[in-house]
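The block underneath contains the structure these notes are about, expressed in structure tokens.
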Amino acid sequence: MRSSLVALACACAAFLHTACGGCGDDGGAEADVADDTAVADTVDGIVLDTFVAPDTPKPADVDDVAEDTVPPDVGEDTLIADTAPEDTADTAEVFVPPPCPWDLYGEGLNGGRVAWVGYDGRAQPALYATTGPLLFRSADDGASWQRWAESVTPLQKLAFVPDDPKQILAISGSGLLESRDGGLTFASKALSGFGLTDVLVHPAAPRRVFAGTLAAGIFRSVDGGDAWSAANVGVPLSLTKALAGSSGDAGVVVAAIEMLNESLGAANVGALLRTTDGGAHWATVLDGITWGMDVTFCDATTAYAAVRRGLAKSEDAGATWTIVPGFGVMDVSDIAVSADCQRIYASVYAVGLFRSEDGGDTAVGPLLDGFAIEPQRFNADAIAIDPADSDHVFVANYGGLYETGDAGESWALTSVGQGIDATQLAASAESGTVWLGSWGSGVWRRGAQDDGWSRVPPSVLPRDFIFSIWADPVDEDEIFVGTIPDLWRSRDGGDHFEVMEIRGNVLGVARLDDGRVLAVTQTQGIQRLEEPEGAFVKVNAGLEPWPTAVGDVIDTRSIITLGEGLVLVGTNGRGIVRSTNGGDTWEATSGVGLTNAYVPRIVRSAVRDDAPIYALAATIGIYRSDDLGQTWVLGSTGFESLALNGLVADPGSDAIFVSTPNDGIYRSTDGATWSPFDRYCFPMPGAGPMAVVDDGVHRSLVAGGNASLSATHRLGPSTHE
């Protein structure tokens with residue numbers, strides 16, 4: 001149902017991309033990836049910078065508009081003015097907004113990172129999950145979920161206060177938060193700026209609270225979190241990964257830590273610490289372990305700890321520890337233990353989930369049936385066992401919140417998640433199939449007649465972090481997907497994929513007239529596939545490495561072929577380079593301010609020989625070339641900001657479109673002057689990658705964003721003959 005101006009005005013919240021890092025090759029310089037997702041690529045000993053689409057809150061809820069109040073659809077070629085006339089005192093006429101030409105297009109996109117999941121032991125079966133700034137709650141043991149609250153900062157973990165049924169503590173990027181209404185609202189409470197990593201409300205003394213930090217040690221409160229003091233006697237320079245308290249002794253707390261070096265980097269050694277006097281003094285009770293990752297008590301005296309090279313067990317409230325045999329030297333990173341201390345679920349990094357039925361003496365796994373994530377990137381951020389049924393378990397990770405009812409033999413993705421973050425969109429030329437690449441949830445496709453998106457199964461394309469997608473405009477069946485850390489090709493329309501021989505993160509692909517394929521990479525420059533079954537070889541003649549965030553490399557980001565061996569490549573730090581011989585040699589192009597620019601997108605405005613070429617230069621603007629890319633002229637009139645994300649051309653007209661993180665989409669027919677494109681009812685806070693889709697009946701602009709949001713706008717009739 002098309003939405004009115006009034007209903008969708010509430011949805012124009014800030015979109016948290018930046019011009020240099022939000023939407024794949026439409027974004028910019030990458031940011032480091034959080035340690036638990038560990039998606040960095042390595043080439044020749046260099047750890048490549050990769051990017052994560054930043055957390056973005058979903059738009060505020062809007063009231064539904066009755067169907068009969070929505071005006072009829074506009075004609076497909078009609079462009080609607082960006083702004084509605086303002087009310088004036090001189091007229092009593094009521095402005096009726098025109099129908100909105102935008103439709104939401106995200107049906108079927110499901111998943112996205114979930115940071116934590118846990119049961120509220122005070123009010124079974126209350127269950128909570130955190131994902132970015134959103135808090136989800138289930139009152140029926142996970143059968144259904146409510147979007148319960150939204151914080152101003154991402155929520156990492158909750159802790160429930162036993163003697164107050166509505167008090168909840170939460171750690172976040174801005175310190176310790178507190179809710180007094182069961183999680184509906186949160187307010188800042190304490191420890192702002194300390195980099196909190198865990199919070200423990202002691203089960204034997206509810207007013208005693210502990211907080212772990214990155215490099216600042218351990219803090220404690222004896223009044224429920226109002227006043228805090230450092231409790232670091234015996235605590236080395238470290239990252240506190242987890243805290244657990246004995247229900248039988250208010251003085252006993254065990255901390256799992258990872259040692260840090262003087263530069264606050266990982267020292268690759270960890271320990272378990274223990275206090276018996278409520279945090280006044282700590283002693284090391286297990287050292288020589290790789291890292292202390294997680295620790296939990298299952299009764300007053302029995303505790304388990306994930307120590308990154310096995311699973312440790314204590315039967316004397318953490319005083320002494322032994323490594324259980326069932327997990328050997330497996331890289332155990334997160335655990336959950338049933339109340340009888342016999343059933344254990346353990347996340348083994350880069351392998352999968354394992355289960356023990358005998359307290360860790362033996363274990364089975366990996367239990368991965370139903371997980372739509374790369375096995376080599378598997379890591380659980382949190383595991384929660386149903387207190388009433390240990391067959392019923394939830395696992396939170398970067399792919400979403402998964403649930404099992406049969407002790408891990410099979411898993412299903414729930415509806416809880418931060419949403420899919422789109423990094424790339426591409427469209428098949430004839431069929432109108434749209435391809436969406438995501439950051440953490442693989443590749444999705446949507447046919448012209450489909451009601452929603454469906455993911456390419458991980459068994460077909462076993463990669464979750466997508467840099468680029470290229471749909472061959474000539475061969476409908478050929479699709480290339482650039483991932484961490486390789487390039488995949490399908491020659492049957494996406495039903496099967498094969499990995500290609502190429503080095504470096506592939507950020508763009510194009511085909512020459514003679515059938516050879518060119519690929520641009522982040523550290524290895526430009527590479528060419530000479531034979532369909534061969535390997536890519538470097539073709540960087542005329543280019544020398546230049547300084548980048550990952551060292552001196554040839555950092556190339558976008559590519560377009562123009563026929564007869566003419567190729568243009570956008571770089572990160574050297575503007576646009578040009579080849580007239582299919583990539584054998586390269587030379588610089590000229591344009592004011594372009595020499596050292598970052599150019600993530602190059603497009604041709606229409607399919608004709610005299611059509612201009614446009615390039616997006618991050619934080620600079622849009623360049624135009626009328627001489628096949630030899631010289632470029634900058635044009636940015638009309639933009640409210642130079643934070644620009646994506647660039648796409650409509651092959652059925654001279655129009656080009658630019659997406660932005662905060663100001664919707666702009667349109668131009670000459671690249672010099674720009675105007676907002678039907679922004680008055682744009683149903684997303686901002687946009688990233690875009691594609692023009694021709695399904696044989698209509699041409700439509702599709703825009704992707706964060707949090708499973710995408711939208712479509714009809715442009716005109718099909719150009720297919």
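In the structure tokens, each chain is lettered A, B, ... as it comes, each chain's residues begin at 1, and ligands are numbered from 1 in order of appearance.
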request  = Run DSSP on the backbone and give me the residues of stretch 255-495 of chain A it puts in strand (DSSP E or B), as JSON, numbers by chain.
outcome  = {"A": [255, 256, 257, 258, 259, 260, 266, 267, 268, 269, 270, 271, 272, 273, 274, 275, 283, 284, 285, 286, 287, 288, 289, 294, 295, 296, 297, 303, 304, 305, 306, 311, 312, 313, 314, 322, 323, 332, 333, 334, 335, 336, 337, 344, 345, 346, 347, 348, 352, 353, 354, 355, 356, 364, 382, 383, 384, 385, 386, 389, 390, 391, 392, 393, 394, 395, 396, 397, 400, 401, 402, 403, 404, 412, 413, 422, 423, 424, 425, 426, 427, 434, 435, 436, 437, 438, 439, 443, 444, 445, 446, 454, 455, 465, 466, 467, 468, 469, 470, 471, 479, 480, 481, 482, 483, 487, 488, 489, 490]}
task = Please identify all polymer residues within 8 Å of A:Arg147, counting only C-alpha atoms, omitting same-chain residues fewer than 2 positions from it, and present them as an MDAnalysis selection string.
result = chainID A and resid 134:137 145 149
Export of the given selection (all heavy atoms) as a PDB file, in the first residue's frame:
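Saved as selection-v3.pdb:
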ATOM      1  N   LEU A 134      18.224  -2.008  19.708  1.00  0.00           N
ATOM      2  CA  LEU A 134      16.891  -2.563  19.908  1.00  0.00           C
ATOM      3  C   LEU A 134      16.906  -3.673  20.951  1.00  0.00           C
ATOM      4  O   LEU A 134      17.826  -4.498  20.997  1.00  0.00           O
ATOM      5  CB  LEU A 134      16.328  -3.111  18.600  1.00  0.00           C
ATOM      6  CG  LEU A 134      16.188  -2.112  17.448  1.00  0.00           C
ATOM      7  CD1 LEU A 134      15.629  -2.818  16.219  1.00  0.00           C
ATOM      8  CD2 LEU A 134      15.306  -0.942  17.846  1.00  0.00           C
ATOM      9  N   LEU A 135      15.858  -3.690  21.760  1.00  0.00           N
ATOM     10  CA  LEU A 135      15.643  -4.756  22.727  1.00  0.00           C
ATOM     11  C   LEU A 135      14.364  -5.498  22.351  1.00  0.00           C
ATOM     12  O   LEU A 135      13.301  -4.884  22.211  1.00  0.00           O
ATOM     13  CB  LEU A 135      15.522  -4.190  24.146  1.00  0.00           C
ATOM     14  CG  LEU A 135      15.229  -5.202  25.254  1.00  0.00           C
ATOM     15  CD1 LEU A 135      16.369  -6.206  25.387  1.00  0.00           C
ATOM     16  CD2 LEU A 135      14.988  -4.484  26.587  1.00  0.00           C
ATOM     17  N   PHE A 136      14.486  -6.811  22.160  1.00  0.00           N
ATOM     18  CA  PHE A 136      13.330  -7.645  21.864  1.00  0.00           C
ATOM     19  C   PHE A 136      12.981  -8.469  23.107  1.00  0.00           C
ATOM     20  O   PHE A 136      13.862  -8.854  23.879  1.00  0.00           O
ATOM     21  CB  PHE A 136      13.623  -8.586  20.694  1.00  0.00           C
ATOM     22  CG  PHE A 136      13.675  -7.899  19.361  1.00  0.00           C
ATOM     23  CD1 PHE A 136      14.829  -7.259  18.933  1.00  0.00           C
ATOM     24  CD2 PHE A 136      12.576  -7.892  18.521  1.00  0.00           C
ATOM     25  CE1 PHE A 136      14.887  -6.625  17.707  1.00  0.00           C
ATOM     26  CE2 PHE A 136      12.616  -7.256  17.291  1.00  0.00           C
ATOM     27  CZ  PHE A 136      13.775  -6.621  16.886  1.00  0.00           C
ATOM     28  N   ARG A 137      11.693  -8.759  23.258  1.00  0.00           N
ATOM     29  CA  ARG A 137      11.234  -9.527  24.417  1.00  0.00           C
ATOM     30  C   ARG A 137      10.194 -10.550  23.966  1.00  0.00           C
ATOM     31  O   ARG A 137       9.354 -10.274  23.098  1.00  0.00           O
ATOM     32  CB  ARG A 137      10.610  -8.604  25.466  1.00  0.00           C
ATOM     33  CG  ARG A 137      10.142  -9.307  26.747  1.00  0.00           C
ATOM     34  CD  ARG A 137       9.537  -8.292  27.713  1.00  0.00           C
ATOM     35  NE  ARG A 137       9.172  -8.880  28.998  1.00  0.00           N
ATOM     36  CZ  ARG A 137       8.014  -9.452  29.266  1.00  0.00           C
ATOM     37  NH1 ARG A 137       7.072  -9.518  28.325  1.00  0.00           N
ATOM     38  NH2 ARG A 137       7.770  -9.951  30.466  1.00  0.00           N
ATOM     39  N   TRP A 145       7.870 -12.697  19.347  1.00  0.00           N
ATOM     40  CA  TRP A 145       8.744 -11.662  19.889  1.00  0.00           C
ATOM     41  C   TRP A 145       8.144 -10.289  19.686  1.00  0.00           C
ATOM     42  O   TRP A 145       7.473 -10.037  18.677  1.00  0.00           O
ATOM     43  CB  TRP A 145      10.111 -11.715  19.216  1.00  0.00           C
ATOM     44  CG  TRP A 145      10.929 -12.916  19.566  1.00  0.00           C
ATOM     45  CD1 TRP A 145      10.870 -14.147  18.970  1.00  0.00           C
ATOM     46  CD2 TRP A 145      11.908 -13.011  20.595  1.00  0.00           C
ATOM     47  NE1 TRP A 145      11.758 -14.997  19.568  1.00  0.00           N
ATOM     48  CE2 TRP A 145      12.413 -14.336  20.561  1.00  0.00           C
ATOM     49  CE3 TRP A 145      12.414 -12.115  21.540  1.00  0.00           C
ATOM     50  CZ2 TRP A 145      13.404 -14.774  21.434  1.00  0.00           C
ATOM     51  CZ3 TRP A 145      13.398 -12.551  22.405  1.00  0.00           C
ATOM     52  CH2 TRP A 145      13.885 -13.863  22.354  1.00  0.00           C
ATOM     53  N   ALA A 149      11.904  -2.246  23.193  1.00  0.00           N
ATOM     54  CA  ALA A 149      12.432  -0.918  23.499  1.00  0.00           C
ATOM     55  C   ALA A 149      13.538  -0.579  22.520  1.00  0.00           C
ATOM     56  O   ALA A 149      14.071  -1.447  21.821  1.00  0.00           O
ATOM     57  CB  ALA A 149      12.968  -0.859  24.933  1.00  0.00           C
TER      58      ALA A 149
END
remark   = Expressed in Å, the length from atom CA of A:Ala427 to atom CA of A:Leu487 is 18.3 Å
query = For A:Thr276, which residue among A:Gly318, A:Gly432, A:Gly646, A:Gly573 is the nearest when counting only C-alpha atoms?
reply = A:Gly318
ask   = Which neighbours of stretch 354-371 of chain A fall inside 10 Å, counting only C-alpha atoms, when residues of the same chain fewer than 4 positions from it are skipped, and could you give them as a PyMOL selection string?
value = chain A and resi 304+311-313+323-328+332+335-338+340-348+375+378+399-404+407-413+458
Write the residues you've just listed into a file as a compact mmCIF listing (two decimals), in the first residue's frame, and include N, CA, C and O atoms for each of them.
# COMPACT_ATOMS: atom_id res chain seq x y z
N TYR A 304 31.97 -23.90 35.15
CA TYR A 304 32.68 -24.24 33.91
C TYR A 304 33.22 -22.95 33.30
O TYR A 304 32.63 -21.87 33.45
N LEU A 311 37.79 -26.81 27.70
CA LEU A 311 36.76 -26.43 28.66
C LEU A 311 37.23 -26.86 30.05
O LEU A 311 37.60 -28.01 30.28
N ALA A 312 37.24 -25.91 30.99
CA ALA A 312 37.70 -26.18 32.35
C ALA A 312 36.51 -26.34 33.28
O ALA A 312 35.45 -25.72 33.09
N LYS A 313 36.69 -27.15 34.32
CA LYS A 313 35.62 -27.43 35.28
C LYS A 313 36.15 -27.29 36.70
O LYS A 313 37.28 -27.68 37.00
N ILE A 323 40.87 -29.47 33.14
CA ILE A 323 40.36 -29.45 31.76
C ILE A 323 39.60 -30.75 31.52
O ILE A 323 40.15 -31.84 31.70
N VAL A 324 38.34 -30.65 31.11
CA VAL A 324 37.53 -31.85 30.88
C VAL A 324 37.95 -32.48 29.55
O VAL A 324 38.37 -31.79 28.62
N PRO A 325 37.83 -33.81 29.42
CA PRO A 325 38.36 -34.48 28.23
C PRO A 325 37.50 -34.32 26.98
O PRO A 325 38.00 -34.44 25.86
N GLY A 326 36.20 -34.08 27.14
CA GLY A 326 35.30 -34.13 25.99
C GLY A 326 35.57 -33.09 24.92
O GLY A 326 35.23 -33.30 23.75
N PHE A 327 36.18 -31.98 25.29
CA PHE A 327 36.41 -30.91 24.32
C PHE A 327 37.88 -30.78 23.94
O PHE A 327 38.23 -29.92 23.13
N GLY A 328 38.73 -31.62 24.51
CA GLY A 328 40.13 -31.63 24.13
C GLY A 328 40.74 -30.25 24.14
O GLY A 328 40.65 -29.51 25.13
N VAL A 332 37.11 -23.32 22.49
CA VAL A 332 35.80 -23.04 23.10
C VAL A 332 35.72 -21.56 23.48
O VAL A 332 36.60 -21.05 24.17
N ILE A 335 29.79 -20.68 26.42
CA ILE A 335 29.17 -21.89 26.97
C ILE A 335 27.85 -21.57 27.66
O ILE A 335 27.61 -20.44 28.08
N ALA A 336 27.01 -22.59 27.77
CA ALA A 336 25.82 -22.55 28.61
C ALA A 336 25.66 -23.94 29.21
O ALA A 336 25.87 -24.95 28.52
N VAL A 337 25.27 -24.00 30.48
CA VAL A 337 25.20 -25.26 31.21
C VAL A 337 23.83 -25.39 31.86
O VAL A 337 23.30 -24.42 32.43
N SER A 338 23.25 -26.59 31.79
CA SER A 338 21.93 -26.82 32.38
C SER A 338 22.01 -26.81 33.90
O SER A 338 23.09 -26.93 34.49
N ASP A 340 21.30 -28.99 36.05
CA ASP A 340 21.82 -30.20 36.68
C ASP A 340 23.31 -30.39 36.42
O ASP A 340 23.89 -31.40 36.83
N CYS A 341 23.93 -29.44 35.73
CA CYS A 341 25.37 -29.41 35.47
C CYS A 341 25.84 -30.52 34.53
O CYS A 341 27.05 -30.74 34.40
N GLN A 342 24.93 -31.20 33.86
CA GLN A 342 25.33 -32.30 32.99
C GLN A 342 25.34 -31.92 31.51
O GLN A 342 26.25 -32.28 30.78
N ARG A 343 24.32 -31.21 31.07
CA ARG A 343 24.26 -30.84 29.66
C ARG A 343 24.98 -29.52 29.44
O ARG A 343 24.67 -28.52 30.09
N ILE A 344 25.90 -29.51 28.49
CA ILE A 344 26.68 -28.32 28.17
C ILE A 344 26.57 -28.05 26.67
O ILE A 344 26.72 -28.97 25.85
N TYR A 345 26.29 -26.82 26.33
CA TYR A 345 26.38 -26.37 24.95
C TYR A 345 27.60 -25.45 24.86
O TYR A 345 27.73 -24.51 25.66
N ALA A 346 28.46 -25.71 23.89
CA ALA A 346 29.70 -24.94 23.78
C ALA A 346 29.92 -24.51 22.33
O ALA A 346 29.80 -25.32 21.40
N SER A 347 30.24 -23.24 22.16
CA SER A 347 30.59 -22.72 20.85
C SER A 347 32.08 -22.91 20.64
O SER A 347 32.90 -22.44 21.44
N VAL A 348 32.43 -23.60 19.56
CA VAL A 348 33.84 -23.80 19.20
C VAL A 348 34.13 -22.91 18.00
O VAL A 348 33.53 -23.09 16.93
N PRO A 375 30.59 -21.87 8.28
CA PRO A 375 31.14 -22.64 9.39
C PRO A 375 32.49 -22.10 9.87
O PRO A 375 32.76 -22.08 11.08
N PHE A 378 31.96 -19.43 12.35
CA PHE A 378 30.99 -19.67 13.41
C PHE A 378 31.54 -19.19 14.75
O PHE A 378 32.66 -19.49 15.14
N GLY A 399 24.71 -13.68 12.45
CA GLY A 399 23.69 -13.99 11.45
C GLY A 399 22.27 -13.85 11.96
O GLY A 399 21.33 -13.89 11.17
N GLY A 400 22.08 -13.70 13.27
CA GLY A 400 20.74 -13.57 13.82
C GLY A 400 20.59 -14.36 15.11
O GLY A 400 21.57 -14.73 15.76
N LEU A 401 19.36 -14.64 15.47
CA LEU A 401 19.04 -15.44 16.65
C LEU A 401 18.47 -16.77 16.19
O LEU A 401 17.44 -16.82 15.51
N TYR A 402 19.14 -17.85 16.55
CA TYR A 402 18.74 -19.20 16.15
C TYR A 402 18.15 -19.95 17.33
O TYR A 402 18.55 -19.74 18.48
N GLU A 403 17.23 -20.86 17.01
CA GLU A 403 16.51 -21.61 18.05
C GLU A 403 16.50 -23.09 17.71
O GLU A 403 16.37 -23.47 16.54
N THR A 404 16.65 -23.93 18.73
CA THR A 404 16.49 -25.37 18.57
C THR A 404 15.54 -25.89 19.64
O THR A 404 15.52 -25.39 20.77
N ALA A 407 17.68 -30.15 21.18
CA ALA A 407 19.04 -30.22 21.75
C ALA A 407 20.12 -29.94 20.72
O ALA A 407 21.23 -30.46 20.84
N GLY A 408 19.80 -29.14 19.72
CA GLY A 408 20.81 -28.72 18.77
C GLY A 408 20.91 -29.55 17.52
O GLY A 408 21.75 -29.27 16.65
N GLU A 409 20.07 -30.57 17.39
CA GLU A 409 20.14 -31.39 16.18
C GLU A 409 19.69 -30.61 14.95
O GLU A 409 20.16 -30.87 13.84
N SER A 410 18.80 -29.65 15.13
CA SER A 410 18.37 -28.78 14.03
C SER A 410 18.09 -27.39 14.58
O SER A 410 17.68 -27.24 15.73
N TRP A 411 18.33 -26.38 13.73
CA TRP A 411 18.18 -24.99 14.16
C TRP A 411 17.34 -24.22 13.15
O TRP A 411 17.32 -24.55 11.95
N ALA A 412 16.66 -23.18 13.63
CA ALA A 412 15.87 -22.32 12.75
C ALA A 412 16.14 -20.87 13.13
O ALA A 412 16.28 -20.53 14.31
N LEU A 413 16.21 -20.02 12.12
CA LEU A 413 16.40 -18.59 12.34
C LEU A 413 15.10 -17.97 12.82
O LEU A 413 14.05 -18.17 12.21
N PRO A 458 23.62 -21.10 1.92
CA PRO A 458 25.05 -21.19 2.21
C PRO A 458 25.71 -22.44 1.63
O PRO A 458 26.91 -22.45 1.39
task = Do a neighbour search on A:Thr240 at 6 Å with only C-alpha atoms, toss out local chain neighbours closer than 5 positions, and write the hits as a VMD selection string.
result = chain A and resid 212 to 213 257
ask   = From the set A:Asp316, A:Asp287, A:Asp464, A:Asp294, which residue has the shortest atom-to-atom contact distance to A:Leu243, counting only C-alpha atoms?
value = A:Asp294
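Taking only C-alpha atoms into account, A:Gly279 lies nearest to A:Phe219 out of the set A:Trp228, A:Tyr398, A:Phe219, A:Phe536.
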